[in-house]
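A.B. asks: Next comes the structure file upload_21.cif, holding mmCIF, C-alpha atoms and all ligand atoms.
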```cif
data_coords
loop_
_atom_site.label_atom_id
_atom_site.label_comp_id
_atom_site.auth_asym_id
_atom_site.auth_seq_id
_atom_site.Cartn_x
_atom_site.Cartn_y
_atom_site.Cartn_z
CA MET Y 34 193.52 180.53 321.86
CA PRO Y 35 190.76 182.69 323.30
CA THR Y 36 188.94 183.38 320.04
CA VAL Y 37 189.02 182.13 316.51
CA GLY Y 38 187.27 185.09 314.87
CA TRP Y 39 188.95 188.07 313.30
CA ASP Y 40 189.81 190.83 315.69
CA ARG Y 41 187.27 193.65 315.93
CA SER Y 42 189.39 196.19 314.14
CA GLY Y 43 189.16 194.23 310.91
CA GLY Y 44 185.37 193.99 310.91
CA THR Y 45 183.47 190.98 309.74
CA ILE Y 46 182.66 190.36 306.15
CA LEU Y 47 179.48 188.44 305.53
CA GLY Y 48 178.11 186.98 302.34
CA ASP Y 49 174.43 187.50 301.63
CA ASP Y 50 173.38 184.05 302.86
CA ALA Y 51 175.50 184.23 305.95
CA ALA Y 52 174.36 187.77 306.69
CA GLY Y 53 170.81 186.54 306.58
CA ARG Y 54 171.58 183.67 308.96
CA ARG Y 55 173.49 185.94 311.32
CA GLY Y 56 170.68 188.51 311.23
CA ALA Y 57 168.09 185.80 311.92
CA ALA Y 58 170.13 184.43 314.82
CA SER Y 59 170.49 187.89 316.34
CA ALA Y 60 166.78 188.48 315.96
CA ARG Y 61 165.99 185.17 317.69
CA GLU Y 62 168.28 186.02 320.59
CA ALA Y 63 166.79 189.49 320.87
CA SER Y 64 163.29 188.04 320.77
CA GLN Y 65 164.00 185.57 323.58
CA SER Y 66 165.62 188.26 325.69
CA MET Y 67 162.71 190.61 325.37
CA SER Y 68 160.13 187.97 326.19
CA HIS Y 69 161.82 187.58 329.53
CA ILE Y 70 161.17 191.19 330.40
CA ARG Y 71 157.59 191.02 329.09
CA LEU Y 72 157.67 193.81 326.56
CA ARG Y 73 154.62 194.21 324.36
CA VAL Y 74 154.64 192.61 320.91
CA CYS Y 75 154.56 195.90 319.07
CA LEU Y 76 157.58 197.17 320.96
CA LYS Y 77 159.35 193.89 320.19
CA SER Y 78 158.69 194.29 316.47
CA ALA Y 79 159.86 197.89 316.48
CA LEU Y 80 163.09 196.97 318.19
CA LEU Y 81 163.73 194.09 315.80
CA LEU Y 82 163.22 196.47 312.89
CA VAL Y 83 165.77 198.86 314.37
CA MET Y 84 168.22 195.99 314.90
CA ALA Y 85 167.75 194.74 311.35
CA THR Y 86 168.31 198.23 309.98
CA GLY Y 87 171.45 198.58 312.05
CA LEU Y 88 172.79 195.22 310.88
CA SER Y 89 172.12 196.12 307.26
CA ALA Y 90 173.99 199.39 307.69
CA ALA Y 91 176.91 197.57 309.32
CA PHE Y 92 177.06 195.02 306.50
CA ALA Y 93 176.84 197.76 303.88
CA GLN Y 94 179.71 199.56 305.56
CA SER Y 95 181.77 196.39 305.79
CA ARG Y 96 181.22 195.72 302.09
CA SER Y 97 182.24 199.25 301.15
CA THR Y 98 185.49 198.92 303.11
CA ARG Y 99 185.94 195.27 302.25
CA ALA Y 100 189.40 193.94 302.98
CA GLY Y 101 190.63 190.48 302.18
CA SER Y 102 190.37 187.77 304.78
CA ILE Y 103 192.36 184.70 303.89
CA VAL Y 104 192.27 181.21 305.34
CA VAL Y 105 195.05 178.78 304.40
CA PHE Y 106 194.30 175.14 305.19
CA ALA Y 107 197.38 172.99 305.77
CA PRO Y 108 197.00 169.20 306.03
CA HIS Y 109 200.28 169.16 307.98
CA PRO Y 110 202.44 171.84 309.61
CA ASP Y 111 204.72 173.06 306.75
CA ASP Y 112 202.27 172.81 303.84
CA GLU Y 113 201.07 176.35 304.52
CA VAL Y 114 204.49 177.87 303.77
CA ILE Y 115 205.39 175.45 300.97
CA GLY Y 116 202.30 176.47 299.03
CA CYS Y 117 201.28 179.86 300.35
CA ALA Y 118 204.11 181.71 302.13
CA GLY Y 119 204.00 184.45 299.50
CA ILE Y 120 200.23 184.76 299.65
CA ILE Y 121 200.40 184.99 303.45
CA MET Y 122 203.11 187.64 303.60
CA GLN Y 123 201.59 189.73 300.82
CA ALA Y 124 198.16 189.68 302.45
CA LEU Y 125 199.59 190.63 305.84
CA ALA Y 126 201.62 193.44 304.26
CA ARG Y 127 198.37 194.79 302.77
CA GLY Y 128 196.80 194.76 306.22
CA GLU Y 129 194.52 191.86 305.36
CA ARG Y 130 193.63 189.16 307.82
CA VAL Y 131 195.16 185.70 307.58
CA LYS Y 132 194.47 182.51 309.47
CA VAL Y 133 196.44 179.31 308.98
CA VAL Y 134 194.49 176.19 309.89
CA ALA Y 135 196.64 173.11 310.58
CA ILE Y 136 194.23 170.21 310.10
CA THR Y 137 196.60 167.58 311.48
CA SER Y 138 199.64 168.06 313.68
CA GLY Y 139 202.00 166.03 311.53
CA ASP Y 140 202.20 163.48 314.34
CA GLY Y 141 202.27 160.31 312.24
CA PHE Y 142 205.85 160.40 310.99
CA PRO Y 143 208.01 157.77 312.76
CA ALA Y 144 211.38 158.97 311.41
CA ALA Y 145 210.67 162.51 312.59
CA ALA Y 146 209.42 161.31 316.00
CA ALA Y 147 212.62 159.31 316.37
CA GLY Y 148 214.69 162.35 315.47
CA VAL Y 149 212.94 164.60 317.97
CA ALA Y 150 213.23 161.94 320.70
CA HIS Y 151 216.84 161.05 319.78
CA LYS Y 152 215.88 157.38 319.58
CA PRO Y 153 216.13 154.65 316.98
CA VAL Y 154 212.98 154.61 314.90
CA ASP Y 155 211.94 151.17 316.16
CA GLN Y 156 211.88 152.42 319.76
CA VAL Y 157 209.54 155.40 319.45
CA ARG Y 158 206.50 155.39 321.70
CA PRO Y 159 203.19 157.30 321.62
CA ASP Y 160 204.61 160.10 323.80
CA ASP Y 161 207.34 160.67 321.23
CA PHE Y 162 204.72 161.29 318.56
CA LEU Y 163 202.95 163.76 320.84
CA GLU Y 164 206.24 165.60 321.31
CA LEU Y 165 206.64 165.62 317.54
CA SER Y 166 203.27 167.35 317.25
CA ARG Y 167 204.41 170.02 319.71
CA PHE Y 168 207.68 170.43 317.80
CA ARG Y 169 205.92 170.87 314.48
CA GLN Y 170 203.33 173.31 315.85
CA VAL Y 171 206.12 175.45 317.27
CA GLN Y 172 207.73 175.38 313.84
CA SER Y 173 204.48 176.58 312.27
CA ARG Y 174 204.33 179.47 314.71
CA THR Y 175 207.94 180.40 313.98
CA ALA Y 176 207.39 180.19 310.23
CA LEU Y 177 204.26 182.31 310.45
CA GLY Y 178 206.17 184.90 312.49
CA ILE Y 179 208.79 185.12 309.75
CA LEU Y 180 205.99 185.96 307.32
CA GLY Y 181 204.59 188.67 309.61
CA GLY Y 182 201.83 186.64 311.26
CA LYS Y 183 200.95 186.37 314.93
CA THR Y 184 200.70 183.38 317.21
CA GLU Y 185 196.91 183.64 317.33
CA ASP Y 186 196.75 183.42 313.53
CA LEU Y 187 197.58 179.71 313.77
CA ILE Y 188 194.57 177.46 314.42
CA VAL Y 189 195.34 173.86 315.33
CA LEU Y 190 192.54 171.38 314.68
CA GLY Y 191 194.53 168.38 315.93
CA TYR Y 192 193.18 165.64 313.64
CA PRO Y 193 195.31 162.54 313.00
CA ASP Y 194 198.22 162.68 310.58
CA GLY Y 195 197.89 159.94 307.98
CA ASP Y 196 194.21 159.28 308.66
CA LEU Y 197 192.39 162.13 306.92
CA GLY Y 198 191.58 159.87 303.97
CA ASN Y 199 190.23 157.19 306.30
CA LEU Y 200 188.12 159.79 308.09
CA TYR Y 201 186.71 161.17 304.84
CA ASP Y 202 185.86 157.67 303.59
CA SER Y 203 184.32 156.68 306.90
CA THR Y 204 180.69 157.07 305.90
CA ASP Y 205 179.57 155.22 309.06
CA ASP Y 206 181.30 157.97 311.06
CA LYS Y 207 183.24 155.54 313.21
CA VAL Y 208 185.85 156.85 315.64
CA ILE Y 209 189.42 156.31 314.43
CA ARG Y 210 192.41 155.73 316.69
CA GLN Y 211 195.71 156.95 315.28
CA GLN Y 212 198.21 154.11 315.22
CA PHE Y 213 201.22 156.06 316.51
CA THR Y 214 199.83 158.51 319.06
CA LYS Y 215 197.04 156.11 320.13
CA LYS Y 216 194.83 159.21 320.34
CA ASN Y 217 191.20 159.05 319.25
CA GLU Y 218 190.30 162.70 319.80
CA THR Y 219 191.72 166.11 318.95
CA TYR Y 220 194.53 167.55 321.01
CA ALA Y 221 197.30 170.12 320.84
CA LEU Y 222 200.16 170.73 323.23
CA ILE Y 223 201.27 174.30 322.51
CA GLN Y 224 197.75 175.70 322.68
CA LYS Y 225 194.27 174.25 322.95
CA ASP Y 226 193.07 172.48 319.87
CA TYR Y 227 190.30 174.33 318.04
CA HIS Y 228 187.40 172.18 319.25
CA THR Y 229 188.48 172.24 322.89
CA SER Y 230 189.02 176.00 322.80
CA LEU Y 231 185.48 176.54 321.50
CA HIS Y 232 183.52 173.75 323.14
CA GLY Y 233 185.51 172.89 326.25
CA ARG Y 234 186.19 169.35 325.14
CA PRO Y 235 188.04 167.65 322.28
CA ALA Y 236 186.33 166.25 319.19
CA ALA Y 237 186.41 162.52 318.46
CA TYR Y 238 188.37 161.45 315.40
CA GLN Y 239 185.26 161.13 313.25
CA ARG Y 240 184.30 162.30 309.78
CA SER Y 241 181.51 164.45 311.21
CA SER Y 242 183.92 166.15 313.64
CA VAL Y 243 186.29 167.30 310.90
CA LEU Y 244 183.46 168.58 308.75
CA GLY Y 245 181.76 170.19 311.74
CA ASP Y 246 184.90 172.08 312.79
CA LEU Y 247 185.51 173.28 309.22
CA VAL Y 248 181.91 174.41 308.76
CA GLU Y 249 182.07 176.26 312.07
CA LEU Y 250 185.39 177.88 311.13
CA LEU Y 251 184.14 179.07 307.73
CA THR Y 252 180.96 180.39 309.31
CA THR Y 253 182.93 182.28 311.95
CA LEU Y 254 185.77 183.57 309.82
CA GLN Y 255 183.78 184.33 306.65
CA PRO Y 256 186.93 184.35 304.48
CA THR Y 257 187.05 186.02 301.09
CA GLU Y 258 189.76 183.60 299.91
CA ILE Y 259 190.35 179.95 300.79
CA TYR Y 260 193.54 178.02 299.99
CA VAL Y 261 193.83 174.25 300.36
CA THR Y 262 195.90 171.46 298.84
CA ASP Y 263 194.80 170.20 295.42
CA GLU Y 264 192.74 167.10 294.77
CA THR Y 265 195.47 165.75 292.45
CA ASP Y 266 198.11 165.75 295.22
CA GLY Y 267 199.97 162.47 295.72
CA HIS Y 268 199.45 162.48 299.52
CA ILE Y 269 196.10 161.15 300.71
CA ASP Y 270 195.94 163.64 303.60
CA HIS Y 271 196.28 166.43 301.07
CA ARG Y 272 193.51 165.08 298.85
CA ALA Y 273 191.24 164.50 301.84
CA ALA Y 274 191.93 168.04 303.10
CA PHE Y 275 190.63 169.27 299.75
CA TRP Y 276 187.50 167.09 299.92
CA PHE Y 277 186.71 168.15 303.49
CA VAL Y 278 187.23 171.87 302.84
CA ARG Y 279 185.29 171.71 299.56
CA ASP Y 280 182.38 169.98 301.31
CA ALA Y 281 182.43 172.47 304.19
CA ALA Y 282 182.49 175.38 301.73
CA LYS Y 283 179.49 173.94 299.90
CA GLN Y 284 177.64 173.38 303.16
CA VAL Y 285 177.99 177.01 304.26
CA GLY Y 286 177.21 178.39 300.79
CA TYR Y 287 180.70 179.88 300.51
CA LYS Y 288 180.85 182.45 297.71
CA GLY Y 289 184.45 183.68 297.95
CA ALA Y 290 187.49 182.62 295.96
CA PHE Y 291 188.63 179.01 296.30
CA TYR Y 292 192.22 178.24 295.34
CA THR Y 293 194.27 175.07 295.53
CA TYR Y 294 198.03 174.65 295.81
CA LEU Y 295 200.11 171.63 294.91
CA VAL Y 296 202.73 170.03 297.17
CA HIS Y 297 203.20 166.36 296.18
CA GLY Y 298 202.48 166.76 292.49
CA LEU Y 299 202.64 163.68 290.30
CA PRO Y 300 204.65 162.11 288.79
CA ALA Y 301 207.16 164.67 290.13
CA TRP Y 302 206.98 168.27 291.30
CA PRO Y 303 208.10 171.04 291.46
CA PHE Y 304 210.19 172.09 288.49
CA PRO Y 305 212.87 173.32 288.20
CA ALA Y 306 214.39 171.56 291.21
CA GLY Y 307 216.32 173.53 293.82
CA VAL Y 308 216.03 176.99 295.30
CA THR Y 309 215.54 179.16 292.21
CA PRO Y 310 214.06 182.47 293.38
CA SER Y 311 214.46 184.08 289.99
CA LEU Y 312 212.68 181.35 288.02
CA PRO Y 313 208.96 180.55 287.66
CA PHE Y 314 207.45 177.09 288.12
CA GLU Y 315 207.50 174.94 285.01
CA SER Y 316 205.62 171.98 283.62
CA ARG Y 317 207.89 169.12 282.52
CA THR Y 318 207.48 165.82 280.75
CA VAL Y 319 208.59 162.93 282.95
CA ASP Y 320 208.73 159.44 281.45
CA GLY Y 321 206.35 160.51 278.71
CA GLU Y 322 203.88 162.04 281.15
CA VAL Y 323 203.20 165.75 281.60
CA ALA Y 324 203.73 166.97 285.15
CA PRO Y 325 201.89 168.08 287.15
CA ARG Y 326 199.40 165.35 286.37
CA GLY Y 327 195.73 166.23 286.07
CA LEU Y 328 196.12 170.00 286.23
CA PRO Y 329 195.91 172.63 283.49
CA TRP Y 330 199.14 174.37 282.53
CA PRO Y 331 199.75 177.26 282.69
CA PRO Y 332 197.96 177.46 286.03
CA PRO Y 333 195.02 179.87 286.17
CA ARG Y 334 196.66 182.04 288.83
CA ARG Y 335 200.32 182.98 289.14
CA VAL Y 336 201.32 185.35 291.95
CA PRO Y 337 204.76 186.97 291.50
CA LEU Y 338 207.09 187.18 294.51
CA THR Y 339 209.76 189.82 294.89
CA PRO Y 340 213.32 188.56 295.54
CA GLU Y 341 212.93 189.67 299.17
CA GLN Y 342 209.65 187.73 299.49
CA SER Y 343 211.26 184.62 298.00
CA GLN Y 344 214.04 184.86 300.58
CA ARG Y 345 211.52 185.14 303.40
CA LYS Y 346 209.67 182.17 301.99
CA LEU Y 347 212.93 180.21 302.09
CA LYS Y 348 213.45 181.19 305.74
CA SER Y 349 209.91 180.16 306.63
CA ILE Y 350 210.43 176.76 304.97
CA GLN Y 351 213.72 176.36 306.81
CA ALA Y 352 211.88 177.08 310.06
CA HIS Y 353 210.17 173.76 309.38
CA ASN Y 354 213.46 171.96 309.12
CA ILE Y 355 213.88 169.01 311.45
CA PRO Y 356 217.65 168.92 311.63
CA VAL Y 357 217.70 166.16 314.24
CA VAL Y 358 216.13 163.83 311.71
CA GLY Y 359 218.67 164.44 309.01
CA MET Y 360 216.51 164.18 305.91
CA PRO Y 361 218.33 166.39 303.43
CA GLU Y 362 216.29 165.12 300.48
CA HIS Y 363 213.06 166.13 302.15
CA GLN Y 364 214.44 169.55 303.03
CA SER Y 365 215.75 170.11 299.55
CA GLU Y 366 212.37 169.15 298.06
CA MET Y 367 210.62 171.64 300.35
CA GLU Y 368 213.06 174.39 299.44
CA SER Y 369 212.44 173.78 295.75
CA PHE Y 370 209.14 175.61 296.22
CA VAL Y 371 211.13 178.86 296.46
CA LYS Y 372 210.47 180.38 293.05
CA SER Y 373 209.74 183.79 291.58
CA GLU Y 374 206.03 183.08 292.02
CA GLU Y 375 203.39 180.91 293.63
CA VAL Y 376 200.87 179.08 291.48
CA PHE Y 377 197.26 178.17 292.18
CA TRP Y 378 194.37 176.37 290.59
CA THR Y 379 190.64 177.00 290.76
CA PRO Y 380 189.07 173.54 290.68
CA LEU Y 381 185.58 174.65 291.66
CA ALA Y 382 185.50 177.16 288.82
CA SER Y 383 186.60 174.70 286.15
CA SER Y 384 184.95 171.60 284.80
CA ARG Y 385 187.79 169.18 285.35
ZN ZN Y 401 201.60 167.72 304.01
#
```
For the file at hand, write its structure as structure tokens.
C.D. replies:
Amino acid sequence: MPTVGWDRSGGTILGDDAAGRRGAASAREASQSMSHIRLRVCLKSALLLVMATGLSAAFAQSRSTRAGSIVVFAPHPDDEVIGCAGIIMQALARGERVKVVAITSGDGFPAAAAGVAHKPVDQVRPDDFLELSRFRQVQSRTALGILGGKTEDLIVLGYPDGDLGNLYDSTDDKVIRQQFTKKNETYALIQKDYHTSLHGRPAAYQRSSVLGDLVELLTTLQPTEIYVTDETDGHIDHRAAFWFVRDAAKQVGYKGAFYTYLVHGLPAWPFPAGVTPSLPFESRTVDGEVAPRGLPWPPPRRVPLTPEQSQRKLKSIQAHNIPVVGMPEHQSEMESFVKSEEVFWTPLASSR
């Protein structure tokens, strides 16, 4: 992964705060450069003024031709298509820029590791979990291709599956070792993990590393829309993904749209069950409790999918199938997210 920014043709969209920081950084670099060649102070000031004027013009132009730039955060490979396949394909069809950020590699799932390694589950070893991570990253690439995305649109952070909650709660910033892979730093096998690609070395499994990578990504990509799993999700990795991305967004002064999607809704989700491309999502009462728990219904944003888009969403979910594992219930649950729409919440805009 040579770069993580948008390609040049799309331009860079900067918020006011970020534009100021970027302008200041450019000015500092220019200042240092000129001091080396001993230009007079007045010439230095004049040049900085010209640079600032040029940057302002560039930003003004980028605002006037503003196109969407979307970042979908997936706690595990597959969440991105379960929640956002329609958003991804619609944005790409409009010529907008999309990045999918896999926070973990889904490498903490013994049954799946056993399936990939063709072993009984009690005989899987750390290498089998590493192979599982490769398998799942390849599936993410395939799924993204089905939606119209490119290989370089997938960013792999390589944090530990099952430990995002522990990392978020680790206020002493201790390094965590994942119990299955035995890894204590980021890695990826199909491409370099994000931190290694940018800094030449992996990041330790620490709270500050996750936050640091996310802050850096948001600063670089400057998205206009962020999607991440909802805080009410039943899976701790999904909740922690929300907390990390929310905190990173606050830290960079993010001013774009912030949407959440729901995967493991409680007490059950989604409704109706099964592949129902002509039906919208529904709220249901389960054992006297309204599902999905803790979220307003109807959801604040509903994005219709055409029948063709729903079919492509189904194909992208099936690209994440792990047939060697033989978990039909899991597959059927994933496919139940094929509806006539996708639904999103706006937790930072509401008071819940
Ligand atoms: Zn997940």
A.B. asks: Enumerate as a PyMOL selection string the residues within 12 Å of ligand ZN 401 (chain Y), counting only C-alpha atoms and all ligand atoms.
C.D. replies: chain Y and resi 106-116+135-142+169+194-195+197+261-263+266-275+294-298+353+363+367
A.B. asks: Would you work out the distance separating CA of Ala144 (chain Y) from CA of Phe168 (chain Y), expressed in Å to one decimal?
C.D. replies: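 Rounded to one decimal, the two atoms are 13.6 Å apart.
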A.B. asks: Using all atoms listed in the file, find the one residue out of Y:Asn217, Y:Ser343, Y:Ser316, Y:Thr253 that sits nearest to Pro331 (chain Y).
C.D. replies: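 Closest residue, counting all atoms listed in the file: Y:Ser316.
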A.B. asks: Taking 4 positions as the minimum chain separation for residues in the same chain, which residues sit within 8 Å of Ala282 (chain Y) when counting all atoms listed in the file? Answer as number ranges by chain.
C.D. replies: Y: 248, 251, 278, 286-287
A.B. asks: Nearest residue to Arg174 (chain Y) out of Y:Ala352, Y:Asn199, Y:Leu312, Y:Asp320, using only C-alpha atoms?
C.D. replies: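 Comparing Y:Ala352, Y:Asn199, Y:Leu312, Y:Asp320 against Arg174 (chain Y), the winner is Y:Ala352.
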A.B. asks: Counting only C-alpha atoms, which of Y:Ala324, Y:Ile259, Y:Val105, Y:Leu125 gets nearest to Trp302 (chain Y)?
C.D. replies: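 Using only C-alpha atoms, the shortest distance to Trp302 (chain Y) belongs to Y:Ala324.
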A.B. asks: Could you jot down the CA of Ile350 (chain Y) to CA of Glu368 (chain Y) separation for me, Å, one decimal place?
C.D. replies: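 Computing the Euclidean distance for CA of Ile350 (chain Y) and CA of Glu368 (chain Y) yields 6.6 Å.
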A.B. asks: At a cut-off of 12 Å, using all atoms listed in the file, what residues contact Asp160 (chain Y)? Leave out same-chain residues fewer than 6 positions from it and give the result as a PyMOL selection string.
C.D. replies: chain Y and resi 140-141+143+146-147+149-150+166-167+213-216+222
A.B. asks: When distances are computed from all atoms listed in the file, which of Y:Arg326, Y:Val154, Y:Ser373, Y:Asp246 shows the smallest separation from His232 (chain Y)?
C.D. replies: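 When distances to His232 (chain Y) are compared using all atoms listed in the file, the smallest one comes from Y:Asp246.
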A.B. asks: Using all atoms listed in the file, find the one residue out of Y:Val243, Y:Ala145, Y:Leu381, Y:Val371 that sits nearest to Pro337 (chain Y).
C.D. replies: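 Of Y:Val243, Y:Ala145, Y:Leu381, Y:Val371, the one nearest Pro337 (chain Y) is Y:Val371, counting all atoms listed in the file.
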A.B. asks: Provide the CA of Tyr260 (chain Y) to CA of Phe291 (chain Y) distance in Å, to one decimal place.
C.D. replies: 6.2 Å
A.B. asks: List every protein, DNA or RNA residue that has at least one atom no more than 12 Å from (216.2, 173.7, 300.1) in the file's coordinates, counting only C-alpha atoms, and write the result as a PyMOL selection string.
C.D. replies: chain Y and resi 115+306-310+344+346-354+360-372
A.B. asks: Compile the contact shell of Asp280 (chain Y) as a compact mmCIF listing (two decimals) with C-alpha atoms, in the frame of the given file: residues with an atom at most 8 Å away, counting only C-alpha atoms, same-chain residues fewer than 4 positions apart removed.
C.D. replies:
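Below is the file around05.txt, written as the result:
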```
# COMPACT_ATOMS: atom_id res chain seq x y z
CA LEU Y 244 183.46 168.58 308.75
CA TRP Y 276 187.50 167.09 299.92
CA GLN Y 284 177.64 173.38 303.16
```
A.B. asks: Nearest residue to Arg317 (chain Y) out of Y:Trp378, Y:Tyr238, Y:Tyr201, Y:Trp330, using only C-alpha atoms?
C.D. replies: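 Counting only C-alpha atoms, the residue closest to Arg317 (chain Y) is Y:Trp330.
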A.B. asks: For Pro235 (chain Y), find every residue with an atom within 8 Å (counting only C-alpha atoms), except residues of its own chain fewer than 6 positions away, and show them as a PyMOL selection string.
C.D. replies: chain Y and resi 218-220+226+228-229
